[in-house]
Every structure is written in structure tokens, then in C-alpha cells.
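Student: Coordinates in upload-v2.cif, mmCIF, C-alpha atoms, pLDDT in the B column; chains and numbers go by the auth columns, are listed below.
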```cif
data_final
#
loop_
_atom_site.group_PDB
_atom_site.id
_atom_site.type_symbol
_atom_site.label_atom_id
_atom_site.label_comp_id
_atom_site.label_asym_id
_atom_site.label_seq_id
_atom_site.Cartn_x
_atom_site.Cartn_y
_atom_site.Cartn_z
_atom_site.B_iso_or_equiv
_atom_site.auth_seq_id
_atom_site.auth_asym_id
ATOM 1 C CA MET A 1 -1.334 7.605 -13.784 95.00 1 O
ATOM 2 C CA TYR A 2 0.660 6.174 -10.882 98.00 2 O
ATOM 3 C CA VAL A 3 -0.816 4.641 -7.741 98.00 3 O
ATOM 4 C CA VAL A 4 0.800 4.423 -4.327 98.00 4 O
ATOM 5 C CA TYR A 5 -0.791 1.569 -2.430 97.00 5 O
ATOM 6 C CA VAL A 6 -0.700 -0.093 0.966 97.00 6 O
ATOM 7 C CA LEU A 7 -1.390 -3.768 1.458 96.00 7 O
ATOM 8 C CA GLN A 8 -2.037 -5.504 4.750 94.00 8 O
ATOM 9 C CA SER A 9 -1.213 -9.139 5.318 95.00 9 O
ATOM 10 C CA SER A 10 -4.150 -11.191 6.530 94.00 10 O
ATOM 11 C CA LYS A 11 -1.574 -13.567 7.978 93.00 11 O
ATOM 12 C CA ASP A 12 0.062 -11.233 10.512 92.00 12 O
ATOM 13 C CA GLY A 13 -1.220 -7.693 9.865 91.00 13 O
ATOM 14 C CA ARG A 14 2.018 -6.259 8.499 93.00 14 O
ATOM 15 C CA LEU A 15 1.837 -3.464 5.949 95.00 15 O
ATOM 16 C CA TYR A 16 3.534 -3.271 2.561 97.00 16 O
ATOM 17 C CA LYS A 17 3.815 0.034 0.684 97.00 17 O
ATOM 18 C CA GLY A 18 4.418 0.212 -3.044 97.00 18 O
ATOM 19 C CA MET A 19 3.912 2.122 -6.276 98.00 19 O
ATOM 20 C CA THR A 20 2.660 0.974 -9.676 98.00 20 O
ATOM 21 C CA LYS A 21 0.997 2.007 -12.911 98.00 21 O
ATOM 22 C CA ASN A 22 -1.298 -1.048 -12.888 98.00 22 O
ATOM 23 C CA LEU A 23 -2.689 -1.713 -9.419 97.00 23 O
ATOM 24 C CA GLU A 24 -4.891 -4.654 -10.380 97.00 24 O
ATOM 25 C CA LYS A 25 -1.987 -6.540 -11.988 98.00 25 O
ATOM 26 C CA ARG A 26 0.417 -5.684 -9.154 97.00 26 O
ATOM 27 C CA PHE A 27 -2.070 -6.771 -6.488 97.00 27 O
ATOM 28 C CA LYS A 28 -2.481 -10.154 -8.208 97.00 28 O
ATOM 29 C CA GLN A 29 1.308 -10.551 -8.354 97.00 29 O
ATOM 30 C CA HIS A 30 1.561 -9.996 -4.597 97.00 30 O
ATOM 31 C CA ASN A 31 -1.163 -12.553 -3.840 97.00 31 O
ATOM 32 C CA GLN A 32 0.253 -15.123 -6.261 96.00 32 O
ATOM 33 C CA GLY A 33 3.641 -15.053 -4.526 95.00 33 O
ATOM 34 C CA GLU A 34 5.485 -13.371 -7.400 96.00 34 O
ATOM 35 C CA ASN A 35 7.110 -10.777 -5.119 92.00 35 O
ATOM 36 C CA LYS A 36 9.980 -12.039 -2.981 93.00 36 O
ATOM 37 C CA SER A 37 9.345 -9.639 -0.106 93.00 37 O
ATOM 38 C CA THR A 38 5.602 -10.366 0.193 95.00 38 O
ATOM 39 C CA LYS A 39 5.171 -14.015 -0.753 95.00 39 O
ATOM 40 C CA GLY A 40 5.599 -15.301 2.797 94.00 40 O
ATOM 41 C CA PHE A 41 2.682 -13.251 4.096 96.00 41 O
ATOM 42 C CA ILE A 42 -0.111 -14.096 1.626 96.00 42 O
ATOM 43 C CA PRO A 43 -2.999 -13.289 1.472 97.00 43 O
ATOM 44 C CA TRP A 44 -2.857 -9.515 1.153 97.00 44 O
ATOM 45 C CA LYS A 45 -5.708 -7.037 1.139 96.00 45 O
ATOM 46 C CA LEU A 46 -5.619 -3.518 -0.264 97.00 46 O
ATOM 47 C CA VAL A 47 -6.175 -1.052 2.585 95.00 47 O
ATOM 48 C CA TYR A 48 -5.153 2.289 1.052 95.00 48 O
ATOM 49 C CA LYS A 49 -4.392 3.831 -2.330 96.00 49 O
ATOM 50 C CA LYS A 50 -3.754 7.275 -3.759 97.00 50 O
ATOM 51 C CA SER A 51 -3.311 8.262 -7.410 97.00 51 O
ATOM 52 C CA PHE A 52 -0.786 10.696 -8.872 98.00 52 O
ATOM 53 C CA ASP A 53 -0.274 12.166 -12.305 97.00 53 O
ATOM 54 C CA SER A 54 3.521 11.900 -12.184 97.00 54 O
ATOM 55 C CA ARG A 55 5.992 9.216 -11.182 98.00 55 O
ATOM 56 C CA LEU A 56 8.011 11.726 -9.143 98.00 56 O
ATOM 57 C CA LYS A 57 5.028 12.781 -6.999 98.00 57 O
ATOM 58 C CA ALA A 58 4.071 9.143 -6.455 98.00 58 O
ATOM 59 C CA ARG A 59 7.619 8.189 -5.460 98.00 59 O
ATOM 60 C CA GLU A 60 7.812 11.072 -2.983 98.00 60 O
ATOM 61 C CA TYR A 61 4.526 10.006 -1.394 98.00 61 O
ATOM 62 C CA GLU A 62 5.650 6.364 -1.212 98.00 62 O
ATOM 63 C CA LYS A 63 8.815 7.509 0.598 98.00 63 O
ATOM 64 C CA TYR A 64 6.656 9.569 2.966 98.00 64 O
ATOM 65 C CA LEU A 65 4.498 6.533 3.826 97.00 65 O
ATOM 66 C CA LYS A 66 7.650 4.552 4.574 97.00 66 O
ATOM 67 C CA SER A 67 8.926 7.259 6.967 97.00 67 O
ATOM 68 C CA GLY A 68 8.119 7.431 10.655 96.00 68 O
ATOM 69 C CA ILE A 69 5.535 10.192 10.275 96.00 69 O
ATOM 70 C CA GLY A 70 4.023 8.418 7.271 96.00 70 O
ATOM 71 C CA ARG A 71 3.651 5.196 9.250 94.00 71 O
ATOM 72 C CA GLU A 72 1.893 7.185 12.008 95.00 72 O
ATOM 73 C CA PHE A 73 -0.444 8.685 9.381 94.00 73 O
ATOM 74 C CA LEU A 74 -1.304 5.216 8.056 94.00 74 O
ATOM 75 C CA HIS A 75 -1.883 3.904 11.564 91.00 75 O
ATOM 76 C CA GLU A 76 -4.354 6.733 12.214 91.00 76 O
ATOM 77 C CA ILE A 77 -6.320 6.379 8.973 87.00 77 O
ATOM 78 C CA LEU A 78 -6.433 2.579 9.135 88.00 78 O
ATOM 79 C CA LYS A 79 -8.031 2.585 12.573 84.00 79 O
ATOM 80 C CA ARG A 80 -10.863 4.895 11.385 65.00 80 O
ATOM 81 C CA PRO A 81 -14.229 3.359 10.592 59.00 81 O
ATOM 82 C CA ARG A 82 -14.941 2.687 6.900 55.00 82 O
ATOM 83 C CA GLY A 83 -16.285 5.733 5.109 48.00 83 O
ATOM 84 C CA ALA A 84 -14.519 8.297 7.319 44.00 84 O
ATOM 85 C CA THR A 85 -12.694 11.029 5.429 46.00 85 O
ATOM 86 C CA GLU A 86 -9.150 12.289 5.869 45.00 86 O
#
```
What is this structure when it is put down as C-alpha cells?
Tutor:
Amino acid sequence: MYVVYVLQSSKDGRLYKGMTKNLEKRFKQHNQGENKSTKGFIPWKLVYKKSFDSRLKAREYEKYLKSGIGREFLHEILKRPRGATE
């Protein structure tokens, strides 16, 4: 199982999109400063995740979230109240 995830920096609100097989481990790595591109913006909080049964599908979705339309989608779902559905 692969997970595409979005983190938000509590420091400045920026978003980071990634993909992993072990979300718990990867999240800890981000918050412990083990990732060069995220260590300057600790702490991070998990704001979105979606699971996939194949690496290819997960990678395609990660690319989508990093595109202009994907960023718009994230902006819309992140401003919804907790518990709202897609």
C-alpha cells in the first residue's frame, strides 16, 4: 500500500506533498529534520492523505497534487471544516 500525503508547516503554512509506503515513519523523519527540503519549516502537521494499491497510481496522484489544478483542489479541501466530505 502506498500513501500520498500532504504536510503543512506550522511555521509558515507552506505545503509539502510526498509519497511513501510507511507514513508514520516518514512523518517522523520530516519532523526530526531528516529531510533536506522540509527541515527548515518544522513542525509539520499531516493535513491530507490518500492510499493506493500501486506505486504507479500513487505517483500519478502525487504529480497531480503538485500541478496547478491539484494545488487548487488542495486549497479547496483544506479550507473546508473538519468532517466535510469531498
Student: Of the candidates O:Ile42, O:Leu65, O:Ile77, O:Ala58, which shows the shortest atom-to-atom distance to Thr20 (chain O), using only C-alpha atoms?
Tutor: O:Ala58
Student: For CA of Glu72 (chain O) and CA of Lys50 (chain O), determine how far apart the two atoms are, in Å to one decimal place.
Tutor: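 Pair CA of Glu72 (chain O) / CA of Lys50 (chain O) returns 16.7 Å.
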Student: Care to translate the PyMOL selection byres ((chain O and resi 41) around 6) into actual residues of this file, as a list in words?
Tutor: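 When the PyMOL selection byres ((chain O and resi 41) around 6) is applied, the selected residues are Ser9, Lys11, Thr38, Lys39, Gly40 and Ile42 of chain O.
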Student: Quick one, how far is CA of Tyr48 (chain O) from CA of Phe27 (chain O)?
Tutor: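 Separation between CA of Tyr48 (chain O) and CA of Phe27 (chain O): 12.2 Å.
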Student: Please report the interatomic distance between CA of Gly13 (chain O) and CA of Asp53 (chain O) in Å with one decimal.
Tutor: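 These two atoms are separated by 29.8 Å.
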Student: If we count only C-alpha atoms and set the cut-off at 12 Å, which residues sit around Lys57 (chain O), ignoring sequence neighbours fewer than 5 positions away in its own chain? Please answer as a PyMOL selection string.
Tutor: chain O and resi 1-4+19+50-52+62-64
Student: What does the file look like for those residues with C-alpha atoms, as a PDB file, keeping the file's coordinate frame?
Tutor:
```pdb
ATOM      1  CA  MET O   1      -1.334   7.605 -13.784  1.00 95.00           C
ATOM      2  CA  TYR O   2       0.660   6.174 -10.882  1.00 98.00           C
ATOM      3  CA  VAL O   3      -0.816   4.641  -7.741  1.00 98.00           C
ATOM      4  CA  VAL O   4       0.800   4.423  -4.327  1.00 98.00           C
ATOM      5  CA  MET O  19       3.912   2.122  -6.276  1.00 98.00           C
ATOM      6  CA  LYS O  50      -3.754   7.275  -3.759  1.00 97.00           C
ATOM      7  CA  SER O  51      -3.311   8.262  -7.410  1.00 97.00           C
ATOM      8  CA  PHE O  52      -0.786  10.696  -8.872  1.00 98.00           C
ATOM      9  CA  GLU O  62       5.650   6.364  -1.212  1.00 98.00           C
ATOM     10  CA  LYS O  63       8.815   7.509   0.598  1.00 98.00           C
ATOM     11  CA  TYR O  64       6.656   9.569   2.966  1.00 98.00           C
TER      12      TYR O  64
END
```
Student: Kindly add N, CA and C atoms to the incomplete region 25-39 of chain O and provide the output as a PDB file, in the coordinates of the input.
Tutor:
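Result file part07.pdb:
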```pdb
ATOM      1  N   LYS O  25      -3.015  -5.550 -11.642  1.00 98.00           N
ATOM      2  CA  LYS O  25      -1.987  -6.540 -11.988  1.00 98.00           C
ATOM      3  C   LYS O  25      -0.997  -6.733 -10.832  1.00 98.00           C
ATOM      4  N   ARG O  26      -0.570  -5.620 -10.241  1.00 97.00           N
ATOM      5  CA  ARG O  26       0.417  -5.684  -9.154  1.00 97.00           C
ATOM      6  C   ARG O  26      -0.162  -6.392  -7.931  1.00 97.00           C
ATOM      7  N   PHE O  27      -1.415  -6.125  -7.623  1.00 97.00           N
ATOM      8  CA  PHE O  27      -2.070  -6.771  -6.488  1.00 97.00           C
ATOM      9  C   PHE O  27      -2.118  -8.290  -6.694  1.00 97.00           C
ATOM     10  N   LYS O  28      -2.465  -8.715  -7.895  1.00 97.00           N
ATOM     11  CA  LYS O  28      -2.481 -10.154  -8.208  1.00 97.00           C
ATOM     12  C   LYS O  28      -1.097 -10.763  -8.044  1.00 97.00           C
ATOM     13  N   GLN O  29      -0.064 -10.049  -8.486  1.00 97.00           N
ATOM     14  CA  GLN O  29       1.308 -10.551  -8.354  1.00 97.00           C
ATOM     15  C   GLN O  29       1.668 -10.775  -6.887  1.00 97.00           C
ATOM     16  N   HIS O  30       1.280  -9.838  -6.026  1.00 97.00           N
ATOM     17  CA  HIS O  30       1.561  -9.996  -4.597  1.00 97.00           C
ATOM     18  C   HIS O  30       0.856 -11.238  -4.051  1.00 97.00           C
ATOM     19  N   ASN O  31      -0.395 -11.430  -4.394  1.00 97.00           N
ATOM     20  CA  ASN O  31      -1.163 -12.553  -3.840  1.00 97.00           C
ATOM     21  C   ASN O  31      -0.873 -13.893  -4.506  1.00 97.00           C
ATOM     22  N   GLN O  32      -0.156 -13.883  -5.621  1.00 96.00           N
ATOM     23  CA  GLN O  32       0.253 -15.123  -6.261  1.00 96.00           C
ATOM     24  C   GLN O  32       1.691 -15.500  -5.894  1.00 96.00           C
ATOM     25  N   GLY O  33       2.300 -14.738  -4.996  1.00 95.00           N
ATOM     26  CA  GLY O  33       3.641 -15.053  -4.526  1.00 95.00           C
ATOM     27  C   GLY O  33       4.751 -14.677  -5.495  1.00 95.00           C
ATOM     28  N   GLU O  34       4.495 -13.760  -6.404  1.00 96.00           N
ATOM     29  CA  GLU O  34       5.485 -13.371  -7.400  1.00 96.00           C
ATOM     30  C   GLU O  34       6.446 -12.287  -6.902  1.00 96.00           C
ATOM     31  N   ASN O  35       6.239 -11.794  -5.693  1.00 92.00           N
ATOM     32  CA  ASN O  35       7.110 -10.777  -5.119  1.00 92.00           C
ATOM     33  C   ASN O  35       7.839 -11.394  -3.937  1.00 92.00           C
ATOM     34  N   LYS O  36       9.153 -11.393  -4.000  1.00 93.00           N
ATOM     35  CA  LYS O  36       9.980 -12.039  -2.981  1.00 93.00           C
ATOM     36  C   LYS O  36       9.701 -11.517  -1.562  1.00 93.00           C
ATOM     37  N   SER O  37       9.506 -10.208  -1.447  1.00 93.00           N
ATOM     38  CA  SER O  37       9.345  -9.639  -0.106  1.00 93.00           C
ATOM     39  C   SER O  37       7.941  -9.813   0.475  1.00 93.00           C
ATOM     40  N   THR O  38       6.963 -10.222  -0.330  1.00 95.00           N
ATOM     41  CA  THR O  38       5.602 -10.366   0.193  1.00 95.00           C
ATOM     42  C   THR O  38       5.063 -11.789   0.144  1.00 95.00           C
ATOM     43  N   LYS O  39       5.758 -12.686  -0.542  1.00 95.00           N
ATOM     44  CA  LYS O  39       5.171 -14.015  -0.753  1.00 95.00           C
ATOM     45  C   LYS O  39       4.980 -14.829   0.520  1.00 95.00           C
TER      46      LYS O  39
END
```
